[in-house]
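K.L.:
Sharing entry_5.cif, mmCIF, C-alpha atoms:
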data_final
#
loop_
_atom_site.label_atom_id
_atom_site.label_comp_id
_atom_site.auth_asym_id
_atom_site.auth_seq_id
_atom_site.Cartn_x
_atom_site.Cartn_y
_atom_site.Cartn_z
CA MET A 1 -32.49 4.47 17.68
CA HIS A 2 -33.67 5.89 20.96
CA PHE A 3 -31.64 8.57 22.62
CA PHE A 4 -30.54 6.44 25.55
CA SER A 5 -29.70 3.52 23.31
CA ALA A 6 -27.50 5.74 21.20
CA LEU A 7 -25.93 7.28 24.25
CA PHE A 8 -25.24 3.89 25.79
CA LEU A 9 -23.67 2.65 22.58
CA GLY A 10 -21.42 5.68 22.43
CA VAL A 11 -20.39 5.38 26.06
CA SER A 12 -19.71 1.67 25.70
CA MET A 13 -17.52 2.30 22.67
CA ALA A 14 -15.72 5.02 24.58
CA ALA A 15 -15.11 2.60 27.43
CA ILE A 16 -13.74 -0.01 25.06
CA THR A 17 -11.48 2.33 23.16
CA GLY A 18 -10.32 3.96 26.36
CA CYS A 19 -9.10 0.73 27.94
CA GLY A 20 -5.59 1.01 26.63
CA GLN A 21 -5.26 4.59 27.79
CA SER A 22 -6.39 4.10 31.39
CA PRO A 23 -4.41 1.30 32.98
CA ALA A 24 -5.53 2.12 36.51
CA PRO A 25 -8.79 0.35 37.36
CA ALA A 26 -11.68 2.49 38.47
CA SER A 27 -12.47 2.45 42.16
CA PRO A 28 -15.78 0.90 43.25
CA GLN A 29 -17.10 4.39 43.82
CA GLU A 30 -16.12 5.43 40.34
CA SER A 31 -17.36 2.27 38.69
CA VAL A 32 -20.59 2.57 36.84
CA SER A 33 -20.74 -0.52 34.74
CA GLY A 34 -17.95 -2.61 36.22
CA SER A 35 -18.09 -5.61 38.54
CA ARG A 36 -19.14 -5.27 42.16
CA ASN A 37 -19.24 -8.11 44.62
CA GLY A 38 -18.62 -10.56 41.83
CA GLN A 39 -21.61 -9.42 39.85
CA THR A 40 -21.54 -7.50 36.61
CA ASP A 41 -23.60 -4.37 36.61
CA VAL A 42 -25.87 -3.72 33.71
CA PRO A 43 -25.60 -0.10 32.63
CA THR A 44 -28.85 1.79 32.88
CA PRO A 45 -29.85 5.20 31.64
CA SER A 46 -29.30 6.52 35.13
CA SER A 47 -25.78 5.07 35.28
CA VAL A 48 -25.04 6.71 31.95
CA ALA A 49 -26.28 9.93 33.45
CA VAL A 50 -23.77 9.48 36.28
CA LEU A 51 -21.01 9.19 33.73
CA ILE A 52 -22.08 12.41 32.14
CA ALA A 53 -22.46 14.07 35.52
CA ASP A 54 -18.92 12.98 36.40
CA ASP A 55 -17.78 15.11 33.49
CA ASP A 56 -16.31 12.15 31.61
CA PRO A 57 -16.61 13.37 28.04
CA LEU A 58 -16.83 11.02 25.10
CA PRO A 59 -13.59 10.89 23.16
CA GLU A 60 -13.90 12.88 19.99
CA THR A 61 -12.16 10.10 18.07
CA VAL A 62 -14.99 7.60 18.35
CA PRO A 63 -16.51 7.52 14.87
CA GLY A 64 -20.23 7.39 14.39
CA PRO A 65 -21.95 4.80 12.22
CA GLN A 66 -21.78 7.05 9.16
CA GLU A 67 -18.05 7.63 9.59
CA VAL A 68 -17.46 3.91 10.05
CA GLU A 69 -19.36 3.21 6.85
CA ILE A 70 -17.39 5.82 4.93
CA GLU A 71 -14.08 4.46 6.22
CA ARG A 72 -15.14 0.98 5.17
CA GLY A 73 -16.10 2.39 1.81
CA GLN A 74 -12.68 3.96 1.43
CA ARG A 75 -10.93 0.65 2.11
CA LEU A 76 -13.26 -1.15 -0.27
CA TYR A 77 -12.73 1.50 -2.91
CA GLN A 78 -8.98 0.97 -2.77
CA ARG A 79 -9.26 -2.81 -2.87
CA GLN A 80 -12.09 -3.20 -5.36
CA CYS A 81 -11.79 -0.15 -7.60
CA GLY A 82 -8.13 0.77 -7.16
CA ALA A 83 -6.79 -1.34 -9.98
CA CYS A 84 -8.44 0.91 -12.54
CA HIS A 85 -9.55 4.09 -10.79
CA SER A 86 -8.32 6.81 -8.50
CA LEU A 87 -9.92 9.98 -7.24
CA ASP A 88 -7.80 12.48 -9.12
CA GLN A 89 -6.18 10.72 -12.06
CA ASN A 90 -7.62 9.17 -15.18
CA ARG A 91 -6.30 5.64 -15.40
CA VAL A 92 -7.96 2.62 -16.99
CA GLY A 93 -11.16 4.33 -15.91
CA PRO A 94 -11.96 7.99 -15.32
CA ARG A 95 -11.15 9.86 -12.13
CA HIS A 96 -13.80 9.70 -9.46
CA ARG A 97 -13.63 12.82 -7.35
CA GLY A 98 -17.00 14.50 -7.66
CA VAL A 99 -18.59 11.56 -9.45
CA VAL A 100 -21.78 11.63 -7.40
CA GLY A 101 -24.01 14.10 -9.20
CA ARG A 102 -21.86 14.19 -12.33
CA ALA A 103 -23.18 13.42 -15.79
CA ALA A 104 -22.00 10.09 -17.21
CA GLY A 105 -19.20 10.35 -19.76
CA SER A 106 -18.43 13.96 -18.91
CA ILE A 107 -14.74 13.97 -17.96
CA SER A 108 -13.41 15.88 -20.95
CA ASP A 109 -9.88 14.44 -20.94
CA PHE A 110 -10.89 10.81 -20.60
CA ARG A 111 -11.57 8.61 -23.61
CA TYR A 112 -14.86 6.85 -22.94
CA SER A 113 -16.28 3.84 -24.72
CA ALA A 114 -19.05 4.53 -27.20
CA ALA A 115 -21.52 3.10 -24.73
CA LEU A 116 -20.65 5.71 -22.12
CA GLN A 117 -20.45 8.54 -24.63
CA LYS A 118 -24.09 8.04 -25.54
CA LEU A 119 -25.33 7.25 -22.04
CA ASP A 120 -27.75 9.96 -20.88
CA LEU A 121 -27.47 9.57 -17.14
CA VAL A 122 -26.45 11.44 -14.02
CA TRP A 123 -24.52 9.46 -11.43
CA THR A 124 -26.96 9.61 -8.58
CA VAL A 125 -26.64 7.22 -5.66
CA ASP A 126 -29.28 4.97 -7.23
CA ALA A 127 -27.63 5.08 -10.65
CA LEU A 128 -24.26 4.18 -9.15
CA GLU A 129 -25.87 1.30 -7.25
CA ASP A 130 -27.23 -0.10 -10.52
CA TRP A 131 -23.93 0.52 -12.28
CA LEU A 132 -21.76 -1.26 -9.73
CA ALA A 133 -24.16 -4.19 -9.60
CA ASN A 134 -24.04 -4.72 -13.35
CA PRO A 135 -22.49 -2.07 -15.60
CA SER A 136 -23.43 -3.88 -18.80
CA ALA A 137 -27.10 -3.69 -17.89
CA VAL A 138 -26.85 0.09 -17.55
CA ALA A 139 -24.68 0.70 -20.62
CA PRO A 140 -24.46 -2.34 -22.92
CA GLY A 141 -21.04 -2.46 -24.54
CA THR A 142 -19.25 -0.64 -21.73
CA ALA A 143 -15.60 -1.48 -21.12
CA MET A 144 -16.28 -1.80 -17.43
CA GLY A 145 -17.07 -5.44 -16.80
CA PHE A 146 -16.44 -5.32 -13.08
CA ARG A 147 -19.44 -6.16 -10.89
CA LEU A 148 -19.50 -5.70 -7.17
CA ARG A 149 -21.56 -8.52 -5.70
CA LYS A 150 -22.56 -7.30 -2.28
CA ARG A 151 -25.15 -4.57 -1.95
CA GLU A 152 -23.66 -3.41 1.36
CA ASP A 153 -20.23 -3.04 -0.25
CA ARG A 154 -21.71 -1.01 -3.09
CA ALA A 155 -23.46 1.22 -0.59
CA ALA A 156 -20.27 1.76 1.40
CA ILE A 157 -18.24 2.68 -1.69
CA ILE A 158 -20.91 5.07 -2.91
CA ALA A 159 -21.13 6.65 0.57
CA TYR A 160 -17.38 7.18 0.45
CA LEU A 161 -17.43 8.62 -3.04
CA ALA A 162 -20.21 11.00 -2.03
CA THR A 163 -17.80 12.55 0.46
CA GLN A 164 -15.14 13.08 -2.20
CA SER A 165 -16.39 16.23 -3.82
CA ILE A 166 -14.37 18.60 -5.93
CA PRO A 167 -13.04 21.41 -3.73
CA ASN A 168 -14.61 24.77 -4.38
CA THR A 169 -11.81 26.97 -5.67
CA ASN A 170 -13.89 30.14 -5.69
CA PRO A 171 -12.72 32.69 -3.13
CA MET B 1 8.01 0.74 8.04
CA SER B 2 11.52 1.57 6.89
CA ASP B 3 13.37 -0.22 4.15
CA GLN B 4 15.48 -1.85 6.83
CA ASP B 5 12.37 -3.42 8.31
CA LEU B 6 11.42 -5.16 5.12
CA ILE B 7 11.27 -8.91 5.36
CA MET B 8 12.87 -10.39 2.31
CA PRO B 9 13.08 -14.15 2.70
CA SER B 10 14.54 -16.26 -0.02
CA ARG B 11 12.48 -16.57 -3.17
CA ARG B 12 11.86 -20.23 -2.35
CA ALA B 13 10.53 -19.34 1.10
CA MET B 14 8.35 -16.56 -0.27
CA LEU B 15 6.88 -18.72 -2.94
CA GLY B 16 6.17 -21.40 -0.37
CA THR B 17 4.24 -18.95 1.79
CA ALA B 18 2.27 -17.44 -1.03
CA GLY B 19 1.37 -20.76 -2.54
CA ARG B 20 -0.93 -21.49 0.38
CA THR B 21 -3.15 -18.46 -0.18
CA LEU B 22 -4.64 -18.96 -3.57
CA SER B 23 -7.80 -20.88 -2.82
CA VAL B 24 -10.20 -18.18 -4.06
CA ALA B 25 -8.74 -17.97 -7.50
CA GLY B 26 -8.43 -21.73 -7.61
CA ILE B 27 -12.11 -22.13 -6.88
CA ALA B 28 -12.96 -19.50 -9.45
CA MET B 29 -10.93 -21.40 -12.02
CA VAL B 30 -12.83 -24.58 -11.28
CA ILE B 31 -16.14 -22.79 -11.50
CA GLY B 32 -15.11 -21.11 -14.74
CA GLY B 33 -14.06 -24.42 -16.20
CA CYS B 34 -17.26 -26.19 -15.20
CA THR B 35 -19.52 -23.57 -16.70
CA GLY B 36 -17.41 -22.93 -19.74
CA THR B 37 -19.56 -24.68 -22.27
CA SER B 38 -19.22 -22.77 -25.47
CA SER B 39 -22.26 -21.41 -27.17
CA LYS B 40 -22.58 -19.25 -30.21
CA ALA B 41 -22.12 -15.71 -29.00
CA SER B 42 -24.14 -12.83 -30.36
CA ALA B 43 -22.44 -9.89 -32.02
CA GLU B 44 -23.38 -7.85 -28.98
CA ASP B 45 -21.67 -10.33 -26.67
CA VAL B 46 -18.56 -10.34 -28.83
CA SER B 47 -18.43 -6.55 -28.81
CA SER B 48 -18.87 -6.50 -25.05
CA ASP B 49 -16.11 -9.08 -24.58
CA VAL B 50 -13.76 -7.05 -26.76
CA GLN B 51 -14.43 -3.92 -24.72
CA ILE B 52 -13.94 -5.66 -21.38
CA LEU B 53 -10.85 -7.58 -22.48
CA ASN B 54 -9.38 -4.35 -23.82
CA ALA B 55 -9.90 -2.74 -20.41
CA ALA B 56 -7.98 -5.67 -18.96
CA ILE B 57 -5.20 -5.05 -21.49
CA ALA B 58 -5.10 -1.42 -20.37
CA LEU B 59 -4.78 -2.67 -16.80
CA GLU B 60 -1.87 -4.90 -17.80
CA HIS B 61 -0.20 -2.04 -19.70
CA GLU B 62 -0.31 0.00 -16.51
CA GLY B 63 1.04 -2.88 -14.44
CA ILE B 64 3.95 -3.41 -16.83
CA ALA B 65 4.69 0.31 -16.70
CA ALA B 66 4.50 0.38 -12.90
CA TYR B 67 7.15 -2.33 -12.63
CA GLN B 68 9.23 -0.52 -15.24
CA ILE B 69 9.08 2.70 -13.22
CA ALA B 70 10.00 0.75 -10.09
CA ALA B 71 12.86 -1.09 -11.78
CA THR B 72 14.44 2.10 -13.04
CA SER B 73 13.90 4.10 -9.85
CA GLY B 74 17.16 3.06 -8.21
CA LEU B 75 15.22 2.50 -5.00
CA LEU B 76 14.99 -1.28 -5.03
CA GLN B 77 17.33 -3.76 -3.42
CA PRO B 78 18.71 -6.28 -5.96
CA ALA B 79 16.57 -9.16 -4.68
CA VAL B 80 13.43 -7.04 -4.84
CA LEU B 81 14.32 -5.80 -8.29
CA ASP B 82 14.74 -9.38 -9.46
CA ILE B 83 11.28 -10.32 -8.21
CA GLY B 84 9.75 -7.18 -9.70
CA ILE B 85 11.17 -8.00 -13.12
CA THR B 86 9.76 -11.52 -12.83
CA PHE B 87 6.33 -10.11 -11.98
CA GLN B 88 6.55 -7.69 -14.87
CA GLY B 89 7.19 -10.69 -17.11
CA HIS B 90 3.97 -12.26 -15.83
CA HIS B 91 2.04 -9.10 -16.73
CA LYS B 92 3.55 -9.13 -20.20
CA GLY B 93 2.35 -12.71 -20.53
CA HIS B 94 -1.14 -11.63 -19.44
CA ARG B 95 -1.13 -8.84 -21.97
CA ASP B 96 -0.13 -11.19 -24.75
CA GLU B 97 -2.87 -13.68 -23.86
CA LEU B 98 -5.48 -10.93 -23.75
CA VAL B 99 -4.31 -9.46 -27.05
CA LYS B 100 -4.67 -12.89 -28.65
CA ALA B 101 -8.19 -13.17 -27.25
CA VAL B 102 -9.24 -9.76 -28.55
CA GLU B 103 -7.81 -10.46 -31.98
CA ALA B 104 -9.48 -13.86 -32.09
CA LEU B 105 -12.78 -12.02 -31.55
CA GLY B 106 -12.01 -9.75 -34.49
CA GLY B 107 -11.15 -6.75 -32.35
CA SER B 108 -8.12 -4.52 -32.08
CA ALA B 109 -6.10 -4.46 -28.89
CA ILE B 110 -5.68 -1.16 -27.12
CA GLU B 111 -2.17 0.27 -27.39
CA GLU B 112 0.00 1.14 -24.42
CA GLN B 113 0.57 4.78 -23.61
CA ALA B 114 3.81 6.63 -22.94
CA LEU B 115 5.59 5.81 -19.69
CA ASP B 116 5.15 9.42 -18.54
CA HIS B 117 1.39 8.98 -18.67
CA TYR B 118 1.55 6.05 -16.27
CA ALA B 119 4.07 7.81 -14.04
CA GLU B 120 1.65 10.69 -13.61
CA ALA B 121 -1.40 8.45 -13.20
CA LEU B 122 0.35 6.48 -10.46
CA ASP B 123 1.88 9.55 -8.83
CA ALA B 124 5.33 8.04 -9.22
CA ALA B 125 6.94 11.28 -8.10
CA SER B 126 5.74 10.56 -4.57
CA LEU B 127 7.63 7.25 -4.35
CA ALA B 128 10.57 7.93 -2.05
CA ASN B 129 11.81 4.51 -1.04
CA GLN B 130 11.42 0.78 -1.56
CA THR B 131 8.55 0.50 0.90
CA ASP B 132 6.56 3.10 -1.04
CA ILE B 133 7.07 1.09 -4.21
CA LEU B 134 6.08 -2.17 -2.60
CA ARG B 135 2.95 -0.57 -1.11
CA LEU B 136 1.97 0.74 -4.54
CA ALA B 137 2.63 -2.63 -6.13
CA LEU B 138 0.59 -4.40 -3.45
CA ARG B 139 -2.29 -1.98 -3.97
CA LEU B 140 -2.23 -2.52 -7.72
CA GLU B 141 -1.93 -6.29 -7.52
CA THR B 142 -4.69 -6.61 -4.94
CA GLY B 143 -6.91 -4.39 -7.05
CA ALA B 144 -6.09 -6.38 -10.16
CA ALA B 145 -6.99 -9.69 -8.52
CA ASN B 146 -10.31 -8.22 -7.45
CA ALA B 147 -10.85 -6.64 -10.85
CA TYR B 148 -10.42 -9.92 -12.70
CA LEU B 149 -12.70 -11.78 -10.33
CA GLY B 150 -15.28 -9.00 -10.59
CA LEU B 151 -15.43 -8.99 -14.36
CA ILE B 152 -15.94 -12.73 -14.77
CA PRO B 153 -19.76 -12.46 -14.61
CA SER B 154 -19.72 -9.90 -17.43
CA LEU B 155 -17.61 -12.00 -19.79
CA SER B 156 -18.85 -14.77 -22.03
CA ASN B 157 -18.22 -18.24 -20.65
CA ASP B 158 -15.25 -18.84 -22.94
CA TYR B 159 -13.29 -16.14 -21.11
CA HIS B 160 -14.14 -17.00 -17.51
CA GLN B 161 -11.17 -19.27 -17.11
CA ILE B 162 -8.58 -16.90 -18.51
CA ALA B 163 -9.83 -14.12 -16.22
CA ALA B 164 -9.70 -16.46 -13.23
CA ARG B 165 -6.17 -17.52 -14.12
CA MET B 166 -5.11 -13.87 -14.31
CA ALA B 167 -6.70 -13.31 -10.90
CA GLY B 168 -4.69 -16.22 -9.54
CA ASP B 169 -1.44 -14.67 -10.73
CA GLU B 170 -2.33 -11.26 -9.29
CA ALA B 171 -3.25 -12.85 -5.95
CA PHE B 172 0.08 -14.66 -5.97
CA HIS B 173 1.90 -11.36 -6.55
CA ALA B 174 -0.09 -9.68 -3.80
CA ALA B 175 0.79 -12.43 -1.33
CA ILE B 176 4.51 -12.13 -2.09
CA LEU B 177 4.42 -8.34 -1.76
CA ALA B 178 2.45 -8.44 1.50
CA ASN B 179 4.95 -10.95 2.84
CA ALA B 180 7.86 -8.71 1.86
CA LEU B 181 6.22 -5.81 3.67
CA GLY B 182 5.65 -7.90 6.78
CA ASP B 183 1.87 -7.56 6.60
CA PRO B 184 -0.02 -10.10 8.69
CA ILE B 185 -1.73 -12.99 6.96
CA PRO B 186 -5.45 -12.15 6.66
CA VAL B 187 -7.48 -14.08 9.20
CA ALA B 188 -10.74 -14.16 7.27
CA PRO B 189 -11.12 -16.41 4.24
CA LEU B 190 -12.28 -15.26 0.80
CA MET B 191 -9.64 -12.58 0.66
CA PHE B 192 -10.39 -11.52 -2.89
CA GLY B 193 -13.48 -10.87 -4.87
#
Using the file provided, produce a representation of the structure as structure tokens.
P.N.:
Amino acid sequence: MHFFSALFLGVSMAAITGCGQSPAPASPQESVSGSRNGQTDVPTPSSVAVLIADDDPLPETVPGPQEVEIERGQRLYQRQCGACHSLDQNRVGPRHRGVVGRAAGSISDFRYSAALQKLDLVWTVDALEDWLANPSAVAPGTAMGFRLRKREDRAAIIAYLATQSIPNTNP
Amino acid sequence: MSDQDLIMPSRRAMLGTAGRTLSVAGIAMVIGGCTGTSSKASAEDVSSDVQILNAAIALEHEGIAAYQIAATSGLLQPAVLDIGITFQGHHKGHRDELVKAVEALGGSAIEEQALDHYAEALDAASLANQTDILRLALRLETGAANAYLGLIPSLSNDYHQIAARMAGDEAFHAAILANALGDPIPVAPLMFG
């Protein structure tokens, strides 16, 4: 994405999310992308530059695309995986915090199926993608029959899990 | 939301509302039934089915325990407790059906664990009021509906329908719980799976 495209997207999102916080309409002089003389202005790079020059900072709360994807992954994780898994507790399936980069079948206090015990695999992003698409194809005989149909949902969940690392307890 | 904010219509009204939301599971049941032509399964398929059905039994064990923890918490209003016990009965019925299926395949059903194990796994100590319990139950039931729908492709055809029927029950539970919590009805279709 070009710089100005990204900047415009961010400013537009800021304008949208800021609507509820700024009830007073902008004056014509202050308006950059509003309506003048019945016509809607099309924001241009120069009008974006005016916004920046007017010292109108972007709200820090506007999430970027990566954050949006991770938040979506978190919601999906709870809905799709939450019946059997959680981040920090072994349940029907093993706990997931730190799973990206972990060796398969390596949680010492979880009782794995024989298929997982003998699986020689590290849970990379690609391996997790294959696993969520069809666990039985990765480890025939696994107890996990759940398949996640949509590639984009798998990617979002994996992106979320990748952010859930085990805290470093070393001083 | 406080406990006072909870919407607890009559059981008849709640069932009426929830009954209109089960199209996904219904479709899945039809699909499962249409494709359920039996064929001789390989030993590998049988073993895989036993493993997957046993995971479903473990899920039901946890669900039964969750409702037991809730029922004995002293945090539930009588009407909510009554519904929770009914739902727990459904999960016991699921467990029994799944155990029969595993045994029919020549397998052994996984045993339930101690209640303390489930209490820790579900972080029951953090449940402070009725709303907390209903939120947990809704999370588990929603996840269970999705879990059953998601495992259908991995099961042999003979077990598609039972998994879809379980998903239907879990979706029913989820709808009742969401209603009790005052959650809005989802706008988008295909709410599960």
K.L.:
Take atom CA of His117 of chain B and atom CA of Glu141 of chain B and report the distance between them in Å, one decimal.
P.N.:
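Those two atoms sit 19.2 Å apart.
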K.L.:
Mind dumping a table of every chain A residue within 8 Å of chain B, with the nearest atom pair and its distance in Å to one decimal, using only C-alpha atoms, sorted by chain and rising number, as a Markdown table?
P.N.:
| residue | atom | partner | partner_atom | distance |
| --- | --- | --- | --- | --- |
| A:Gln78 | CA | B:Gly143 | CA | 7.2 |
| A:Arg79 | CA | B:Gly143 | CA | 5.0 |
| A:Gln80 | CA | B:Gly143 | CA | 5.6 |
| A:Cys81 | CA | B:Gly143 | CA | 6.5 |
| A:Gly82 | CA | B:Gly143 | CA | 5.3 |
| A:Ala83 | CA | B:Gly143 | CA | 4.2 |
| A:Cys84 | CA | B:Leu59 | CA | 6.7 |
| A:Gln89 | CA | B:Ala121 | CA | 5.4 |
| A:Asn90 | CA | B:Ala121 | CA | 6.6 |
| A:Arg91 | CA | B:Ala121 | CA | 6.1 |
| A:Val92 | CA | B:Ala58 | CA | 6.0 |
| A:Ser113 | CA | B:Gln51 | CA | 8.0 |
| A:Asn134 | CA | B:Ser154 | CA | 7.9 |
| A:Ser136 | CA | B:Ser154 | CA | 7.2 |
| A:Pro140 | CA | B:Ser48 | CA | 7.3 |
| A:Gly141 | CA | B:Ser48 | CA | 4.6 |
| A:Thr142 | CA | B:Gln51 | CA | 6.6 |
| A:Ala143 | CA | B:Gln51 | CA | 4.5 |
| A:Met144 | CA | B:Ile52 | CA | 6.0 |
| A:Gly145 | CA | B:Leu151 | CA | 4.6 |
| A:Phe146 | CA | B:Leu151 | CA | 4.0 |
| A:Arg147 | CA | B:Gly150 | CA | 5.0 |
| A:Leu148 | CA | B:Gly150 | CA | 6.4 |
| A:Arg149 | CA | B:Gly150 | CA | 8.0 |
K.L.:
In Å, with one decimal, what is the gap from atom CA of Asp132 of chain B to atom CA of Ala163 of chain B?
P.N.:
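Computed distance, atom CA of Asp132 of chain B to atom CA of Ala163 of chain B, equals 28.2 Å.
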K.L.:
Hey, what's within 12 Å of Arg151 of chain A if we count only C-alpha atoms and toss same-chain stuff fewer than 2 positions away? As a ChimeraX atom specification, please?
P.N.:
/A:126,128-134,147-149,153-158
K.L.:
At a cut-off of 12 Å around the point (-15.7, 0.8, 8.2) (file coordinates), what residues fall inside when counting all atoms listed in the file? I'd like the answer as a list in words.
P.N.:
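Collected hits near the coordinates: Pro63, Gly64, Pro65, Gln66, Glu67, Val68, Glu69, Ile70, Glu71, Arg72, Gly73, Gln74, Arg75, Leu76, Tyr77, Glu152, Asp153, Ala155, Ala156, Ile157, Ala159 and Tyr160 of chain A.
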K.L.:
As an exercise, work out the distance from atom CA of Ala115 of chain A to atom CA of Gln164 of chain A in Å and give it to one decimal place.
P.N.:
25.5 Å
